[in-house]
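Below is the file model-v6.cif, which contains mmCIF, C-alpha atoms (C1' of nucleotides).
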```cif
data_protein
loop_
_atom_site.label_atom_id
_atom_site.label_comp_id
_atom_site.auth_asym_id
_atom_site.auth_seq_id
_atom_site.Cartn_x
_atom_site.Cartn_y
_atom_site.Cartn_z
CA MET A 18 31.30 3.00 124.84
CA MET A 19 27.95 4.17 126.00
CA ILE A 20 25.51 6.29 124.08
CA LEU A 21 24.01 8.88 126.39
CA THR A 22 21.30 10.37 124.20
CA VAL A 23 19.95 9.09 120.96
CA PRO A 24 18.16 11.73 118.90
CA SER A 25 15.20 10.19 117.16
CA ALA A 26 16.78 11.24 113.85
CA PRO A 27 19.79 13.22 112.70
CA ALA A 28 19.03 16.92 112.77
CA ALA A 29 19.81 17.32 109.11
CA ALA A 30 17.19 14.77 108.12
CA GLU A 31 14.21 16.19 110.01
CA PRO A 32 11.72 16.74 107.19
CA GLU A 33 9.36 19.27 108.85
CA PRO A 34 5.93 18.10 107.73
CA PRO A 35 4.31 20.37 105.15
CA VAL A 36 1.92 23.08 106.34
CA ASP A 37 -1.73 22.15 105.83
CA LEU A 38 -3.46 25.11 104.19
CA GLY A 39 -6.91 23.57 104.62
CA ALA A 40 -9.50 25.01 102.29
CA LEU A 41 -7.39 28.01 101.26
CA PRO A 42 -5.98 26.58 98.00
CA GLY A 43 -9.55 25.89 96.85
CA LEU A 44 -10.71 29.46 97.37
CA ILE A 45 -10.88 31.69 94.29
CA GLY A 46 -9.76 34.74 96.24
CA TYR A 47 -6.73 33.01 97.71
CA ALA A 48 -5.61 31.62 94.34
CA LEU A 49 -6.13 35.04 92.77
CA ARG A 50 -4.02 36.74 95.41
CA ARG A 51 -1.15 34.29 95.03
CA ALA A 52 -1.21 34.57 91.23
CA GLN A 53 -1.46 38.33 91.31
CA LEU A 54 1.44 38.56 93.72
CA ALA A 55 3.63 36.47 91.43
CA VAL A 56 2.70 38.48 88.35
CA ALA A 57 3.11 41.85 90.07
CA GLN A 58 6.53 40.88 91.40
CA ASP A 59 7.68 39.89 87.93
CA PHE A 60 6.38 43.18 86.53
CA HIS A 61 8.32 45.02 89.19
CA ARG A 62 11.56 43.20 88.36
CA ARG A 63 11.23 43.54 84.59
CA VAL A 64 10.33 47.19 84.62
CA ALA A 65 12.67 48.20 87.45
CA ALA A 66 14.97 49.96 84.99
CA GLU A 67 12.22 52.48 84.19
CA ASP A 68 10.95 52.70 87.77
CA ILE A 69 7.32 52.39 86.76
CA ARG A 70 4.67 50.51 88.72
CA PRO A 71 1.65 48.78 87.21
CA GLY A 72 -0.71 51.61 88.12
CA GLN A 73 1.56 54.21 86.56
CA HIS A 74 1.85 52.10 83.43
CA SER A 75 -1.94 51.97 83.22
CA VAL A 76 -2.28 55.73 83.54
CA LEU A 77 0.36 56.41 80.90
CA THR A 78 -1.35 53.96 78.55
CA VAL A 79 -4.73 55.60 78.99
CA LEU A 80 -3.28 59.06 78.38
CA GLN A 81 -1.58 57.83 75.24
CA ASN A 82 -4.84 56.45 73.89
CA ASN A 83 -7.03 59.34 75.08
CA PRO A 84 -5.05 62.58 74.95
CA GLY A 85 -6.76 65.41 76.76
CA LEU A 86 -8.97 63.19 78.89
CA ARG A 87 -10.14 64.66 82.19
CA ALA A 88 -8.62 63.38 85.41
CA ALA A 89 -11.89 62.11 86.81
CA ARG A 90 -12.50 59.95 83.75
CA VAL A 91 -9.02 58.46 83.78
CA ALA A 92 -9.38 57.57 87.43
CA GLN A 93 -12.82 56.07 86.93
CA ALA A 94 -11.73 54.04 83.91
CA LEU A 95 -8.92 52.48 85.93
CA GLY A 96 -10.86 51.90 89.14
CA ILE A 97 -8.91 54.49 91.12
CA LYS A 98 -10.69 56.97 93.36
CA ARG A 99 -10.38 60.59 92.28
CA THR A 100 -8.79 61.45 95.60
CA ASN A 101 -6.10 58.78 95.24
CA PHE A 102 -5.46 59.73 91.66
CA VAL A 103 -4.05 63.12 92.65
CA PRO A 104 -0.72 61.89 94.05
CA VAL A 105 -0.35 59.42 91.18
CA LEU A 106 -0.63 62.26 88.71
CA ASP A 107 1.58 64.50 90.85
CA GLY A 108 4.28 61.85 90.63
CA LEU A 109 4.02 61.52 86.87
CA GLU A 110 4.00 65.27 86.42
CA ALA A 111 6.97 65.77 88.76
CA ARG A 112 8.92 63.31 86.62
CA GLY A 113 7.89 65.17 83.50
CA LEU A 114 5.97 62.24 82.03
CA ALA A 115 2.48 63.75 82.03
CA GLU A 116 0.99 67.20 82.28
CA ARG A 117 -2.24 68.89 83.32
CA ARG A 118 -3.62 71.61 81.08
CA ARG A 119 -6.50 73.98 81.66
CA VAL A 120 -9.69 73.21 79.78
CA PRO A 121 -11.11 76.21 77.87
CA GLY A 122 -14.79 75.48 78.49
CA ASP A 123 -14.61 74.48 82.16
CA ARG A 124 -12.28 76.19 84.57
CA ARG A 125 -12.61 73.44 87.17
CA ALA A 126 -11.40 70.62 84.96
CA SER A 127 -7.94 69.69 83.79
CA ALA A 128 -7.09 67.82 80.60
CA LEU A 129 -4.28 65.31 80.83
CA PHE A 130 -1.57 64.68 78.26
CA LEU A 131 1.61 62.68 77.93
CA THR A 132 4.75 64.74 77.46
CA GLU A 133 7.34 63.71 74.90
CA ALA A 134 9.27 62.14 77.78
CA GLY A 135 6.14 60.24 78.76
CA LYS A 136 5.72 58.91 75.25
CA ALA A 137 9.38 57.89 75.23
CA VAL A 138 9.03 56.01 78.53
CA LEU A 139 6.01 54.20 77.20
CA ALA A 140 7.95 53.26 74.06
CA ARG A 141 10.82 51.87 76.13
CA LEU A 142 8.33 50.11 78.38
CA ALA A 143 6.59 48.29 75.54
CA PRO A 144 9.17 45.53 74.98
CA LEU A 145 9.68 45.05 78.74
CA VAL A 146 5.95 44.64 79.31
CA ALA A 147 5.75 42.33 76.29
CA GLU A 148 8.46 40.09 77.77
CA HIS A 149 6.71 40.09 81.11
CA GLU A 150 3.44 39.16 79.45
CA ALA A 151 5.08 36.46 77.34
CA ARG A 152 6.56 34.83 80.42
CA PHE A 153 3.15 34.17 81.91
CA ALA A 154 1.38 33.58 78.62
CA GLY A 155 3.99 30.90 78.02
CA ARG A 156 3.02 29.14 81.22
CA LEU A 157 -0.59 28.97 80.09
CA GLY A 158 -0.43 28.30 76.37
CA PRO A 159 -2.58 30.23 73.88
CA ASP A 160 -5.78 28.38 74.79
CA GLY A 161 -5.14 28.63 78.51
CA ARG A 162 -4.44 32.32 78.22
CA SER A 163 -7.64 33.12 76.39
CA GLN A 164 -9.64 30.94 78.78
CA LEU A 165 -8.10 32.78 81.71
CA MET A 166 -8.89 36.20 80.29
CA GLY A 167 -12.51 35.22 79.78
CA LEU A 168 -12.84 33.81 83.28
CA LEU A 169 -11.16 36.81 84.92
CA HIS A 170 -13.42 39.14 83.01
CA ARG A 171 -16.46 37.33 84.41
CA LEU A 172 -15.11 37.74 87.94
CA GLY A 173 -14.43 41.43 87.46
CA GLU A 174 -17.82 42.24 85.95
CA ALA A 175 -20.29 44.29 87.93
CA GLY A 176 -17.86 44.06 90.73
CA PHE A 177 -16.71 47.46 91.78
CA ASP A 178 -17.37 51.11 91.54
CA PRO A 179 -14.68 53.29 93.09
CA ALA A 180 -16.88 56.38 93.32
CA MET B 18 -32.31 85.94 63.54
CA MET B 19 -28.74 84.97 63.84
CA ILE B 20 -27.44 81.95 65.64
CA LEU B 21 -24.31 82.85 67.51
CA THR B 22 -23.21 79.47 68.81
CA VAL B 23 -24.60 76.10 67.99
CA PRO B 24 -23.64 73.42 70.46
CA SER B 25 -23.06 70.23 68.54
CA ALA B 26 -25.64 68.49 70.73
CA PRO B 27 -27.78 69.25 73.78
CA ALA B 28 -25.71 68.98 76.93
CA ALA B 29 -27.89 66.25 78.33
CA ALA B 30 -27.32 64.05 75.32
CA GLU B 31 -23.54 64.28 75.10
CA PRO B 32 -22.53 60.64 75.30
CA GLU B 33 -18.88 61.08 76.35
CA PRO B 34 -17.03 58.59 74.17
CA PRO B 35 -15.76 55.54 76.04
CA VAL B 36 -12.21 55.57 77.36
CA ASP B 37 -9.83 53.54 75.20
CA LEU B 38 -7.80 51.30 77.49
CA GLY B 39 -5.48 50.24 74.69
CA ALA B 40 -3.65 47.01 75.40
CA LEU B 41 -4.51 46.95 79.10
CA PRO B 42 -7.55 44.63 78.94
CA GLY B 43 -5.39 42.08 77.13
CA LEU B 44 -2.70 42.02 79.83
CA ILE B 45 -2.82 39.15 82.31
CA GLY B 46 -1.67 41.36 85.17
CA TYR B 47 -4.32 44.01 84.52
CA ALA B 48 -7.14 41.45 84.28
CA LEU B 49 -5.86 39.77 87.45
CA ARG B 50 -5.82 43.05 89.34
CA ARG B 51 -9.38 43.95 88.32
CA ALA B 52 -10.69 40.49 89.22
CA GLN B 53 -8.84 40.42 92.51
CA LEU B 54 -10.17 43.83 93.43
CA ALA B 55 -13.75 42.72 92.79
CA VAL B 56 -13.32 39.51 94.78
CA ALA B 57 -11.54 41.20 97.69
CA GLN B 58 -14.24 43.86 97.93
CA ASP B 59 -16.94 41.23 98.08
CA PHE B 60 -15.01 39.36 100.79
CA HIS B 61 -14.78 42.58 102.76
CA ARG B 62 -18.52 43.22 102.53
CA ARG B 63 -19.57 39.67 103.36
CA VAL B 64 -17.26 39.28 106.29
CA ALA B 65 -17.65 42.81 107.65
CA ALA B 66 -19.72 41.53 110.57
CA GLU B 67 -16.71 39.63 111.91
CA ASP B 68 -14.19 42.34 111.01
CA ILE B 69 -11.74 39.88 109.47
CA ARG B 70 -9.65 40.54 106.39
CA PRO B 71 -8.50 37.91 103.92
CA GLY B 72 -5.00 37.73 105.39
CA GLN B 73 -6.35 37.25 108.90
CA HIS B 74 -8.69 34.56 107.65
CA SER B 75 -5.73 32.77 106.09
CA VAL B 76 -3.71 32.89 109.30
CA LEU B 77 -6.60 31.61 111.40
CA THR B 78 -7.17 28.77 108.92
CA VAL B 79 -3.52 27.74 109.01
CA LEU B 80 -3.46 27.76 112.81
CA GLN B 81 -6.59 25.64 112.92
CA ASN B 82 -5.04 23.06 110.62
CA ASN B 83 -1.57 23.18 112.16
CA PRO B 84 -1.85 23.86 115.89
CA GLY B 85 1.47 24.75 117.47
CA LEU B 86 3.13 25.76 114.21
CA ARG B 87 6.00 28.22 114.50
CA ALA B 88 5.48 31.80 113.42
CA ALA B 89 8.13 31.68 110.73
CA ARG B 90 6.53 28.67 109.08
CA VAL B 91 3.05 30.19 109.09
CA ALA B 92 4.39 33.35 107.50
CA GLN B 93 6.35 31.46 104.88
CA ALA B 94 3.41 29.20 104.01
CA LEU B 95 1.23 32.26 103.36
CA GLY B 96 3.82 34.31 101.52
CA ILE B 97 4.12 36.91 104.29
CA LYS B 98 7.51 38.16 105.45
CA ARG B 99 8.38 37.27 109.04
CA THR B 100 8.75 40.92 109.86
CA ASN B 101 5.29 41.79 108.55
CA PHE B 102 3.75 38.81 110.28
CA VAL B 103 4.45 40.29 113.72
CA PRO B 104 1.74 42.98 113.66
CA VAL B 105 -0.73 40.57 112.07
CA LEU B 106 -0.24 38.18 114.96
CA ASP B 107 -0.25 41.03 117.48
CA GLY B 108 -3.68 42.00 116.20
CA LEU B 109 -5.09 38.49 116.43
CA GLU B 110 -3.62 38.05 119.89
CA ALA B 111 -4.93 41.42 121.10
CA ARG B 112 -8.40 40.34 120.01
CA GLY B 113 -7.98 37.06 121.83
CA LEU B 114 -8.23 34.95 118.68
CA ALA B 115 -4.74 33.44 118.67
CA GLU B 116 -1.93 32.99 121.17
CA ARG B 117 1.83 32.55 121.25
CA ARG B 118 3.24 29.88 123.56
CA ARG B 119 6.84 29.14 124.44
CA VAL B 120 8.37 26.08 122.80
CA PRO B 121 10.11 23.67 125.25
CA GLY B 122 12.99 22.68 122.99
CA ASP B 123 13.84 26.09 121.51
CA ARG B 124 13.65 29.21 123.61
CA ARG B 125 13.71 31.51 120.58
CA ALA B 126 10.65 30.11 118.90
CA SER B 127 6.98 30.53 119.65
CA ALA B 128 4.26 28.04 118.85
CA LEU B 129 0.98 29.47 117.62
CA PHE B 130 -2.51 28.32 118.58
CA LEU B 131 -6.07 29.39 118.08
CA THR B 132 -7.94 30.27 121.24
CA GLU B 133 -11.49 29.07 121.76
CA ALA B 134 -12.63 32.50 120.61
CA GLY B 135 -10.51 32.09 117.50
CA LYS B 136 -12.09 28.75 116.74
CA ALA B 137 -15.52 30.28 117.24
CA VAL B 138 -14.77 33.14 114.84
CA LEU B 139 -13.58 30.67 112.24
CA ALA B 140 -16.78 28.67 112.70
CA ARG B 141 -18.94 31.77 112.22
CA LEU B 142 -16.79 32.76 109.25
CA ALA B 143 -17.25 29.47 107.42
CA PRO B 144 -20.76 30.08 106.04
CA LEU B 145 -19.93 33.70 105.14
CA VAL B 146 -16.84 32.65 103.22
CA ALA B 147 -18.83 29.86 101.57
CA GLU B 148 -21.44 32.35 100.36
CA HIS B 149 -18.73 34.64 99.09
CA GLU B 150 -17.10 31.77 97.24
CA ALA B 151 -20.41 30.58 95.83
CA ARG B 152 -21.12 34.01 94.38
CA PHE B 153 -18.05 33.92 92.19
CA ALA B 154 -18.13 30.19 91.53
CA GLY B 155 -21.65 30.78 90.24
CA ARG B 156 -20.37 33.29 87.71
CA LEU B 157 -17.92 30.73 86.32
CA GLY B 158 -19.80 27.45 86.45
CA PRO B 159 -18.18 24.26 87.78
CA ASP B 160 -16.01 23.74 84.71
CA GLY B 161 -14.98 27.37 84.53
CA ARG B 162 -14.09 27.37 88.18
CA SER B 163 -11.84 24.35 87.98
CA GLN B 164 -10.22 25.68 84.81
CA LEU B 165 -9.55 28.97 86.56
CA MET B 166 -7.98 27.32 89.61
CA GLY B 167 -5.66 25.31 87.39
CA LEU B 168 -4.63 28.36 85.38
CA LEU B 169 -4.07 30.54 88.47
CA HIS B 170 -1.98 27.82 90.03
CA ARG B 171 0.25 27.79 86.97
CA LEU B 172 0.71 31.55 87.27
CA GLY B 173 1.55 31.38 90.95
CA GLU B 174 4.07 28.54 90.62
CA ALA B 175 7.74 29.20 91.12
CA GLY B 176 6.80 32.78 91.41
CA PHE B 177 7.79 34.19 94.72
CA ASP B 178 9.77 33.65 97.85
CA PRO B 179 9.12 36.21 100.54
CA ALA B 180 12.36 35.49 102.47
"C1'" DT C 21 27.59 31.88 112.29
"C1'" DA C 22 22.79 31.14 111.54
"C1'" DT C 23 18.04 31.39 113.06
"C1'" DT C 24 13.68 33.31 115.58
"C1'" DG C 25 11.34 36.89 116.66
"C1'" DT C 26 11.29 41.58 116.92
"C1'" DT C 27 11.70 46.94 116.33
"C1'" DA C 28 12.01 50.78 113.50
"C1'" DT C 29 11.08 52.77 109.32
"C1'" DA C 30 9.33 53.96 104.77
"C1'" DC C 31 6.63 53.74 100.74
"C1'" DT C 32 2.52 52.30 98.31
"C1'" DC C 33 -2.41 51.45 98.04
"C1'" DT C 34 -6.86 52.26 99.57
"C1'" DA C 35 -10.53 54.71 102.13
"C1'" DT C 36 -13.39 58.74 104.22
"C1'" DA C 37 -14.37 63.49 105.17
"C1'" DA C 38 -14.21 67.97 103.96
"C1'" DC C 39 -12.57 72.02 101.47
"C1'" DT C 40 -12.20 75.40 96.90
"C1'" DA C 41 -13.55 77.06 92.82
"C1'" DT C 42 -16.22 76.61 89.75
"C1'" DA C 43 -20.75 75.20 87.10
"C1'" DT D 14 -27.09 72.10 94.43
"C1'" DA D 15 -23.73 69.43 91.98
"C1'" DT D 16 -19.15 68.68 89.96
"C1'" DA D 17 -13.72 68.64 89.40
"C1'" DG D 18 -9.93 68.72 91.70
"C1'" DT D 19 -7.76 68.85 95.89
"C1'" DT D 20 -6.13 68.44 100.97
"C1'" DA D 21 -5.71 65.97 105.09
"C1'" DT D 22 -5.72 61.81 107.30
"C1'" DA D 23 -5.90 56.99 108.53
"C1'" DG D 24 -5.49 52.06 107.84
"C1'" DA D 25 -3.56 48.18 105.59
"C1'" DG D 26 0.17 45.86 102.80
"C1'" DT D 27 4.79 45.34 101.73
"C1'" DA D 28 9.81 46.42 101.70
"C1'" DT D 29 14.73 46.80 104.00
"C1'" DA D 30 18.00 47.16 107.84
"C1'" DA D 31 19.28 46.00 112.15
"C1'" DC D 32 18.96 44.23 116.86
"C1'" DA D 33 18.63 40.64 121.05
"C1'" DA D 34 18.31 36.11 122.47
"C1'" DT D 35 19.28 31.70 121.34
"C1'" DA D 36 20.97 27.75 118.61
#
```
Could I get this file's structure written as structure tokens?
Amino acid sequence: MMILTVPSAPAAAEPEPPVDLGALPGLIGYALRRAQLAVAQDFHRRVAAEDIRPGQHSVLTVLQNNPGLRAARVAQALGIKRTNFVPVLDGLEARGLAERRRVPGDRRASALFLTEAGKAVLARLAPLVAEHEARFAGRLGPDGRSQLMGLLHRLGEAGFDPA
Amino acid sequence: MMILTVPSAPAAAEPEPPVDLGALPGLIGYALRRAQLAVAQDFHRRVAAEDIRPGQHSVLTVLQNNPGLRAARVAQALGIKRTNFVPVLDGLEARGLAERRRVPGDRRASALFLTEAGKAVLARLAPLVAEHEARFAGRLGPDGRSQLMGLLHRLGEAGFDPA
DNA sequence: TATTGTTATACTCTATAACTATA
DNA sequence: TATAGTTATAGAGTATAACAATA
């Protein structure tokens, strides 16, 4: 019996050499993006039941801690442009989680508040966010976590100003 | 003389109390997002002259280090879905920086290569990216930088799979 | 049947310019 | 003239579903 063609290796055993990422894994920005993607995806999965995204969670948290704050200040505190903050707030208001009220002294401004439903969502969110946080804190250990927070804070300093 | 209204302080001196971010600054995901935003904005400014975004830089780097790699493998290595990789590659090809070539053995696949122009862009990019990296590495110090890379890698592990 | 690349589509995020009503 | 909120719009990024050609 004659063998007509001899593949250099069985198809199932072709290992496909790993992709060489070059200098990318050593770049701070690349490592940040990969880590942030992983963390954001976990947030999305954990909090899916409440249908809240990280940015919405941030806004609700700020309103809880600063009832009556003006829209421009919320946006600025979170690094969101005023113009992009409008649809975010529209969404929260349409779902009955937050509300705009007129400010007595200044008829241009609006003061923002959580509704009771908004407070309830935040209360239900708390344990989900805590689990999410614990998952990644667990990967780092207490020392690693506090080191990371310090290092990230240094990167974020003096960095941006979303006029 | 009767004072009708007494503002609690002159308007110019009203300090506007700081916004209370609550638990946000202690959350890994929030700190990651702020840091990533600052780093990405600096990348954008530094590299504006070449009109290349971080994702494009990553693709060009992978093609340089793995000439002839298939599209699906490039996308998977960078955490981009195959379907979203198409317009990225279209853009690079339209600018003459990368090209698709037919693969002899498999008529479905395309092998990806940098063009000479693509190699030249990457060469001009190198010092800009190095400056960008140095800016943030300088904020952390050598030890801080290597700690950060280790911690970010732990966060990104086993995290995502952009099928 | 499974894989490669692709189209179509939609939703989010981010960005700029310009408007309105106030101040 | 400046500010608070808004509208309109455009560009990226990311997501799913489905298709043709090929394996």
Name the residues that the PyMOL selection byres ((chain D) within 8 of (chain A)) pulls out of this structure, and write them as JSON, numbers by chain. {"D": [17, 18, 19]}
Superposing chain A on chain B using every C-alpha atom, matched in order, leaves an RMSD of 0.8 Å
Chain C contacts to chain A at 9 Å (only C-alpha atoms (C1' of nucleotides)) as a PDB file with C-alpha atoms (C1' of nucleotides), in the frame of the given file:
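out-v5.pdb, freshly written:
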```pdb
ATOM      1  C1'  DC C  33      -2.410  51.450  98.040  1.00  0.00           C
ATOM      2  C1'  DT C  34      -6.860  52.260  99.570  1.00  0.00           C
ATOM      3  C1'  DA C  41     -13.550  77.060  92.820  1.00  0.00           C
ATOM      4  C1'  DT C  42     -16.220  76.610  89.750  1.00  0.00           C
ATOM      5  C1'  DA C  43     -20.750  75.200  87.100  1.00  0.00           C
TER       6       DA C  43
END
```
Could you write out as number ranges by chain the residues that the PyMOL selection byres ((chain A) within 9 of (chain B)) matches in the shown file? A: 35-60, 71, 75, 78-79, 81-83, 86, 90-91, 94-96, 150, 153-154, 156-157, 161-162, 164-166, 168-177
When you draw a straight line from CA of Ile69 (chain A) to C1' of DA23 (chain D), how long is it in Å?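 Answer for the CA of Ile69 (chain A) to C1' of DA23 (chain D) separation: 25.9 Å.
Atom to atom, CA of Ala92 (chain A) and C1' of DA38 (chain C) stand 20.1 Å apart.
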Selection dump of the PyMOL selection byres ((chain A and resi 132) around 8), as a list in words: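 The output of the PyMOL selection byres ((chain A and resi 132) around 8) on this file is Gly113, Leu114, Ala115, Glu116, Phe130, Leu131, Glu133, Ala134, Gly135 and Lys136 of chain A.
The spacing separating CA of Arg119 (chain B) from CA of Phe102 (chain B) amounts to 17.4 Å.
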Any idea what's packed within 10 Å of Ala66 (chain A), counting only C-alpha atoms (C1' of nucleotides), ignoring anything in its chain fewer than 5 positions away? Could you give it as a list in words?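 Near Ala66 (chain A), the qualifying residues are His61, Arg141, Leu142 and Leu145 of chain A.
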Restricting the calculation to all atoms listed in the file: of D:DA36, D:DA15, D:DA31, D:DA21, which residue gets closest to DT24 (chain C)?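 Looking only at the distances to DT24 (chain C), the closest residue turns out to be D:DA36.
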